Amino acid sequence: MPAFPDISRIAFEGAKSKNPLAFKHYDANEKVEGRTMKDWLRFSVVYWHTFRNRLSDPFGAGTAIRPWDDGSESVENAQSRARVAFEFIEKLGAPYYAFHDRDVAPEGATLRESNKNLDAVVKVLKAEQKRTGVKLLWGTACLFAHPRYAHGAATSCNADVFAYGAAQVKKALEVTHELGGEGYVFWGGREGYATLWNTNMKRELDHLAKFLHMAVDYKKAIGFKGQFYIEPKPKEPTKHQYDSDAAACLNFLREYGLIDHLKLNLETNHATLAGHTMQHELEVAAAAGALGSIDANTGDAMLGWDTDQFPTDIYLTTQCMLSIMKAGGLTTGGVNFDAKVRRESFEPVDLFHAHIGGMDAFARGLKIAAAIRADGRLAKFVHDRYSSYDSGVGAKIEAGSVGFKELETYILKKGEAAPNTSGRQEMLENLINEFI
Ligand code: XUL
Ligand code: CO
């Protein structure tokens, strides 16, 4: 019995379509700069929000109507939910999905039992991947929900909890590998602190690095070739999380000799919580050659928490795609909708509306970014702005062939610096709006 009997494969109907269950802009096979939209965007559906979120909030119970889910924590329910997930992803036409170990299968009374439950569901995931051609973008382990992780996992003050987390990630890596996953994400959900009065920060950071080195070693041991990612987020659930933003993550990875092993999985709402724009985070990662994947969502400018809404703002998706295209695209990563429908949008069909909207918003961002790139004025402006470094003293500075002494001689002889040119911010903002 299909879970969505009234919904067939979502088709591309073009911008004039009034069908809410059709794509207006995402045409998987349309080529942009010689690459299909499918390949540029590599859309991915998240298991946790789309299939496990009951839409509760701190003030009220879950509202989600999910007729296929009996609400139990049984393996059978998890297996039938997995089949529904693939019906959804296939009808949507997304090529990828992503999960935490505990989203797909119930936690048992012991690790052995949890692993057994996971194996039973992985069997179904594997069969469904084969049936539909949908692939695993990345896997991850939930090291933040169970009470044992109250003080964190790799940064817990309790060494046994570190060991438990390591054992859990070992298994999550094995199943990600078994499912042909193209990556693996580390999100430090509780790897931070609630108060510094009880915290040895240096020791916790050392432990986090040890944990990641162990993961790198184990990845090699089992021959898993997928990309490792670290996902920045500054707070929530803890007051401060160590992987606070892209720059902090890069610094941590460099300090502990992990920079060659992990790239960044950047999430829009996490950038906002860190006081940055997503464009900023993308540029920081790209400059370091560490732009890996994105968790595409958005926050609410009026709310200070991680609302994880589906992205609909064309200005935002244009900014994202300009940075991503400039960096050559997401090679191993994808546009992963780490987003949830609102508590008030509780019907199954709302899951389709949400994803269709997000995919169309990114397709428009992609097309607009390509048009801005083809026009060339924006890139030329930025290039020309630095032209003083293309010859003369600027070229010598970049080549490292002059020092303070030579620059002093140069300025003493010249008298005053050449006049500055305008930054033309407003003109560039107008230029962007020409394309939106
Ligand atoms: C939480 C978050 C996670 C990670 C995966 O804010 O973004 O769901 O993406 O653990
Ligand atoms: Co995320």
# chains A, B, ... in the order shown; residues from 1 in each chain; ligands from 1
call {"tool": "residues_around", "arguments": {"residues": "A:Glu344", "least_positions_apart": "3", "cutoff": "12 Å", "atoms": "only C-alpha atoms", "output": "PyMOL selection string"}}
result
chain A and resi 54-57+60-65+340-341+347-348+350
call {"tool": "write_last_selection", "arguments": {"atoms": "N, CA, C and O atoms", "output": "short mmCIF file (atom, residue, chain, number, x, y, z; two decimals), in the first residue's frame"}}
result
data_model
loop_
_atom_site.label_atom_id
_atom_site.label_comp_id
_atom_site.auth_asym_id
_atom_site.auth_seq_id
_atom_site.Cartn_x
_atom_site.Cartn_y
_atom_site.Cartn_z
N ARG A 54 7.93 14.62 15.00
CA ARG A 54 6.49 14.58 15.26
C ARG A 54 5.90 15.99 15.32
O ARG A 54 4.72 16.16 15.59
N LEU A 55 6.76 16.99 15.10
CA LEU A 55 6.33 18.40 15.12
C LEU A 55 5.83 18.85 16.51
O LEU A 55 4.84 19.56 16.62
N SER A 56 6.55 18.40 17.52
CA SER A 56 6.24 18.92 18.86
C SER A 56 7.10 20.17 19.07
O SER A 56 8.04 20.42 18.32
N ASP A 57 6.76 20.97 20.06
CA ASP A 57 7.65 22.07 20.47
C ASP A 57 7.62 22.11 22.00
O ASP A 57 6.90 21.33 22.63
N GLY A 60 4.05 22.12 23.39
CA GLY A 60 2.94 21.25 22.99
C GLY A 60 3.38 19.98 22.28
O GLY A 60 4.50 19.88 21.76
N ALA A 61 2.47 19.03 22.26
CA ALA A 61 2.74 17.72 21.68
C ALA A 61 2.85 17.80 20.16
O ALA A 61 2.48 18.80 19.54
N GLY A 62 3.36 16.70 19.59
CA GLY A 62 3.49 16.62 18.15
C GLY A 62 2.13 16.67 17.47
O GLY A 62 1.13 16.17 18.00
N THR A 63 2.12 17.28 16.29
CA THR A 63 0.86 17.42 15.55
C THR A 63 0.85 16.58 14.28
O THR A 63 -0.18 16.47 13.62
N ALA A 64 2.02 16.02 13.93
CA ALA A 64 2.17 15.39 12.61
C ALA A 64 1.23 14.21 12.41
O ALA A 64 1.14 13.33 13.28
N ILE A 65 0.54 14.20 11.29
CA ILE A 65 -0.27 13.05 10.90
C ILE A 65 0.57 12.20 9.95
O ILE A 65 0.93 12.65 8.87
N LYS A 340 12.52 21.44 8.53
CA LYS A 340 11.28 20.76 8.94
C LYS A 340 10.07 21.62 8.61
O LYS A 340 10.14 22.86 8.63
N VAL A 341 8.96 20.96 8.34
CA VAL A 341 7.71 21.70 8.12
C VAL A 341 7.28 22.28 9.46
O VAL A 341 7.67 21.79 10.53
N GLU A 347 0.01 17.77 7.70
CA GLU A 347 -0.44 16.69 6.80
C GLU A 347 0.73 16.16 5.98
O GLU A 347 1.68 16.89 5.68
N PRO A 348 0.64 14.88 5.55
CA PRO A 348 1.73 14.31 4.75
C PRO A 348 2.07 15.13 3.52
O PRO A 348 3.24 15.29 3.17
N ASP A 350 2.19 18.17 3.09
CA ASP A 350 3.03 19.34 3.39
C ASP A 350 4.51 19.02 3.21
O ASP A 350 5.31 19.91 2.91
#
call {"tool": "residues_around", "arguments": {"residues": "A:Lys219", "least_positions_apart": "5", "cutoff": "8 Å", "atoms": "only C-alpha atoms", "output": "PyMOL selection string"}}
result
chain A and resi 173+224-225
call {"tool": "write_last_selection", "arguments": {"atoms": "N, CA and C atoms", "output": "PDB file, in the first residue's frame"}}
result
ATOM      1  N   LEU A 173      29.851   4.268  10.884  1.00  0.00           N
ATOM      2  CA  LEU A 173      30.753   4.298   9.728  1.00  0.00           C
ATOM      3  C   LEU A 173      30.619   3.014   8.915  1.00  0.00           C
ATOM      4  N   PHE A 224      36.729   2.837   3.800  1.00  0.00           N
ATOM      5  CA  PHE A 224      35.638   3.755   3.450  1.00  0.00           C
ATOM      6  C   PHE A 224      36.239   4.987   2.766  1.00  0.00           C
ATOM      7  N   LYS A 225      35.761   5.260   1.541  1.00  0.00           N
ATOM      8  CA  LYS A 225      36.372   6.347   0.764  1.00  0.00           C
ATOM      9  C   LYS A 225      35.554   7.642   0.805  1.00  0.00           C
TER      10      LYS A 225
END
call {"tool": "residues_near_ligand", "arguments": {"ligand": "ligand 1", "cutoff": "8 Å", "atoms": "only C-alpha atoms and all ligand atoms", "output": "list in words"}}
result
Trp48, Phe99, His100, Thr140, Ala141, Cys142, Val185, Phe186, Trp187, Gly188, Gly189, Glu231, Lys233, Glu236, Glu267, His270, Asp295, Asp306, Asp308 and Asp338 of chain A
call {"tool": "select_by_dssp", "arguments": {"residues": "stretch 180-216 of chain A", "states": "helix (DSSP H, G or I)", "output": "short mmCIF file (atom, residue, chain, number, x, y, z; two decimals) with N, CA, C and O atoms, in the first residue's frame"}}
result
data_model
loop_
_atom_site.label_atom_id
_atom_site.label_comp_id
_atom_site.auth_asym_id
_atom_site.auth_seq_id
_atom_site.Cartn_x
_atom_site.Cartn_y
_atom_site.Cartn_z
N LEU A 196 31.47 27.41 32.07
CA LEU A 196 32.91 27.19 32.13
C LEU A 196 33.37 26.88 33.54
O LEU A 196 34.48 26.42 33.75
N TRP A 197 32.53 27.10 34.55
CA TRP A 197 32.92 26.81 35.94
C TRP A 197 33.25 25.33 36.12
O TRP A 197 34.06 24.98 36.97
N ASN A 198 32.60 24.46 35.32
CA ASN A 198 32.88 23.03 35.50
C ASN A 198 33.66 22.42 34.34
O ASN A 198 33.72 21.21 34.20
N MET A 201 38.37 23.24 29.18
CA MET A 201 38.20 23.37 27.74
C MET A 201 39.33 22.71 26.95
O MET A 201 39.10 22.01 25.97
N LYS A 202 40.55 22.92 27.38
CA LYS A 202 41.71 22.37 26.66
C LYS A 202 41.61 20.84 26.58
O LYS A 202 41.82 20.24 25.53
N ARG A 203 41.27 20.24 27.72
CA ARG A 203 41.17 18.79 27.75
C ARG A 203 40.05 18.30 26.84
O ARG A 203 40.18 17.31 26.12
N GLU A 204 38.93 19.02 26.86
CA GLU A 204 37.79 18.61 26.02
C GLU A 204 38.15 18.72 24.53
O GLU A 204 37.80 17.84 23.73
N LEU A 205 38.86 19.79 24.15
CA LEU A 205 39.25 19.95 22.75
C LEU A 205 40.23 18.86 22.33
O LEU A 205 40.15 18.31 21.22
N ASP A 206 41.17 18.54 23.22
CA ASP A 206 42.13 17.46 22.94
C ASP A 206 41.38 16.15 22.72
O ASP A 206 41.71 15.37 21.82
N HIS A 207 40.36 15.91 23.53
CA HIS A 207 39.59 14.66 23.41
C HIS A 207 38.81 14.63 22.09
O HIS A 207 38.75 13.59 21.43
N LEU A 208 38.24 15.77 21.72
CA LEU A 208 37.49 15.84 20.46
C LEU A 208 38.41 15.51 19.27
O LEU A 208 38.03 14.76 18.36
N ALA A 209 39.62 16.05 19.33
CA ALA A 209 40.59 15.77 18.26
C ALA A 209 40.98 14.29 18.24
O ALA A 209 41.09 13.67 17.17
N LYS A 210 41.19 13.72 19.42
CA LYS A 210 41.52 12.28 19.52
C LYS A 210 40.41 11.46 18.86
O LYS A 210 40.67 10.52 18.11
N PHE A 211 39.19 11.81 19.18
CA PHE A 211 38.02 11.09 18.66
C PHE A 211 38.02 11.13 17.13
O PHE A 211 37.84 10.11 16.47
N LEU A 212 38.26 12.32 16.57
CA LEU A 212 38.23 12.45 15.11
C LEU A 212 39.40 11.70 14.48
O LEU A 212 39.25 11.11 13.40
N HIS A 213 40.56 11.72 15.13
CA HIS A 213 41.70 10.95 14.60
C HIS A 213 41.38 9.45 14.60
O HIS A 213 41.73 8.73 13.66
N MET A 214 40.70 9.00 15.64
CA MET A 214 40.31 7.58 15.69
C MET A 214 39.36 7.27 14.54
O MET A 214 39.43 6.19 13.93
N ALA A 215 38.46 8.20 14.25
CA ALA A 215 37.51 8.00 13.14
C ALA A 215 38.26 7.93 11.81
O ALA A 215 37.96 7.09 10.96
N VAL A 216 39.24 8.81 11.64
CA VAL A 216 40.05 8.81 10.41
C VAL A 216 40.78 7.46 10.28
O VAL A 216 40.81 6.85 9.20
#
call {"tool": "residues_around", "arguments": {"residues": "stretch 364-367 of chain A", "least_positions_apart": "2", "cutoff": "12 Å", "atoms": "only C-alpha atoms", "output": "PyMOL selection string"}}
result
chain A and resi 14-15+23-27+30-33+35-41+311-326+329+335+357-362+369-374+432+435-436
call {"tool": "residues_around", "arguments": {"residues": "A:Tyr242", "least_positions_apart": "5", "cutoff": "8 Å", "atoms": "only C-alpha atoms", "output": "short mmCIF file (atom, residue, chain, number, x, y, z; two decimals) with N, CA and C atoms, in the first residue's frame"}}
result
data_model
loop_
_atom_site.label_atom_id
_atom_site.label_comp_id
_atom_site.auth_asym_id
_atom_site.auth_seq_id
_atom_site.Cartn_x
_atom_site.Cartn_y
_atom_site.Cartn_z
N GLY A 188 28.75 18.25 16.32
CA GLY A 188 29.02 18.17 17.76
C GLY A 188 27.86 18.72 18.57
N GLU A 191 28.94 18.88 22.04
CA GLU A 191 30.39 19.03 22.24
C GLU A 191 30.68 20.50 22.52
N GLY A 192 30.39 20.88 23.75
CA GLY A 192 30.58 22.27 24.17
C GLY A 192 30.32 22.32 25.66
N LEU A 205 38.86 19.79 24.15
CA LEU A 205 39.25 19.95 22.75
C LEU A 205 40.23 18.86 22.33
N PRO A 234 27.11 27.23 16.55
CA PRO A 234 27.72 27.88 17.72
C PRO A 234 27.06 27.56 19.05
N ALA A 248 36.27 28.81 13.12
CA ALA A 248 36.66 28.07 14.33
C ALA A 248 36.94 26.61 14.00
N CYS A 249 36.10 26.02 13.14
CA CYS A 249 36.31 24.62 12.75
C CYS A 249 37.64 24.46 12.02
#
call {"tool": "closest_residue", "arguments": {"among": "A:Ser80, A:Asn53, A:Gln129, A:Thr332", "to": "A:Ala3", "atoms": "only C-alpha atoms"}}
result
A:Ser80
call {"tool": "residues_around", "arguments": {"residues": "A:His151", "least_positions_apart": "6", "cutoff": "10 Å", "atoms": "only C-alpha atoms", "output": "VMD selection string"}}
result
chain A and resid 144 157 to 158 161 190 to 194 238
call {"tool": "write_last_selection", "arguments": {"atoms": "N, CA, C and O atoms", "output": "PDB file, in the first residue's frame"}}
result
ATOM      1  N   PHE A 144      23.775  12.879  20.800  1.00  0.00           N
ATOM      2  CA  PHE A 144      23.278  14.005  21.599  1.00  0.00           C
ATOM      3  C   PHE A 144      21.904  13.769  22.231  1.00  0.00           C
ATOM      4  O   PHE A 144      21.522  14.469  23.145  1.00  0.00           O
ATOM      5  N   CYS A 157      33.058  14.572  30.196  1.00  0.00           N
ATOM      6  CA  CYS A 157      34.008  14.389  31.300  1.00  0.00           C
ATOM      7  C   CYS A 157      34.097  12.919  31.707  1.00  0.00           C
ATOM      8  O   CYS A 157      34.971  12.526  32.465  1.00  0.00           O
ATOM      9  N   ASN A 158      33.189  12.100  31.166  1.00  0.00           N
ATOM     10  CA  ASN A 158      33.105  10.683  31.514  1.00  0.00           C
ATOM     11  C   ASN A 158      33.729   9.841  30.398  1.00  0.00           C
ATOM     12  O   ASN A 158      33.182   9.761  29.295  1.00  0.00           O
ATOM     13  N   VAL A 161      31.687   7.406  28.446  1.00  0.00           N
ATOM     14  CA  VAL A 161      30.786   7.987  27.440  1.00  0.00           C
ATOM     15  C   VAL A 161      31.556   8.225  26.137  1.00  0.00           C
ATOM     16  O   VAL A 161      31.040   7.987  25.040  1.00  0.00           O
ATOM     17  N   ARG A 190      26.420  18.173  21.410  1.00  0.00           N
ATOM     18  CA  ARG A 190      26.647  18.619  22.801  1.00  0.00           C
ATOM     19  C   ARG A 190      28.138  18.733  23.107  1.00  0.00           C
ATOM     20  O   ARG A 190      28.547  18.672  24.266  1.00  0.00           O
ATOM     21  N   GLU A 191      28.937  18.879  22.037  1.00  0.00           N
ATOM     22  CA  GLU A 191      30.387  19.029  22.235  1.00  0.00           C
ATOM     23  C   GLU A 191      30.682  20.499  22.522  1.00  0.00           C
ATOM     24  O   GLU A 191      31.124  21.257  21.666  1.00  0.00           O
ATOM     25  N   GLY A 192      30.387  20.883  23.749  1.00  0.00           N
ATOM     26  CA  GLY A 192      30.578  22.267  24.171  1.00  0.00           C
ATOM     27  C   GLY A 192      30.315  22.318  25.659  1.00  0.00           C
ATOM     28  O   GLY A 192      30.520  21.330  26.351  1.00  0.00           O
ATOM     29  N   TYR A 193      29.842  23.444  26.138  1.00  0.00           N
ATOM     30  CA  TYR A 193      29.615  23.523  27.589  1.00  0.00           C
ATOM     31  C   TYR A 193      28.375  24.350  27.910  1.00  0.00           C
ATOM     32  O   TYR A 193      27.923  25.154  27.103  1.00  0.00           O
ATOM     33  N   ALA A 194      27.872  24.118  29.121  1.00  0.00           N
ATOM     34  CA  ALA A 194      26.779  24.943  29.643  1.00  0.00           C
ATOM     35  C   ALA A 194      27.354  26.032  30.546  1.00  0.00           C
ATOM     36  O   ALA A 194      26.811  27.118  30.647  1.00  0.00           O
ATOM     37  N   THR A 238      23.749  23.278  23.521  1.00  0.00           N
ATOM     38  CA  THR A 238      24.556  23.838  24.616  1.00  0.00           C
ATOM     39  C   THR A 238      24.686  25.349  24.458  1.00  0.00           C
ATOM     40  O   THR A 238      24.343  25.911  23.415  1.00  0.00           O
TER      41      THR A 238
END
call {"tool": "atom_distance", "arguments": {"atom1": "atom CA of A:Lys413", "atom2": "atom CA of A:Ile397"}}
result
17.1 Å
call {"tool": "atom_distance", "arguments": {"atom1": "atom CA of A:Leu111", "atom2": "atom CA of A:Gln227"}}
result
25.7 Å
call {"tool": "select_by_dssp", "arguments": {"residues": "stretch 286-417 of chain A", "states": "strand (DSSP E)", "output": "MDAnalysis selection string"}}
result
chainID A and resid 291:295 335:337
call {"tool": "closest_residue", "arguments": {"among": "A:Ala296, A:Ser72, A:Asn200, A:Ile356", "to": "ligand 2", "atoms": "only C-alpha atoms and all ligand atoms"}}
result
A:Ala296
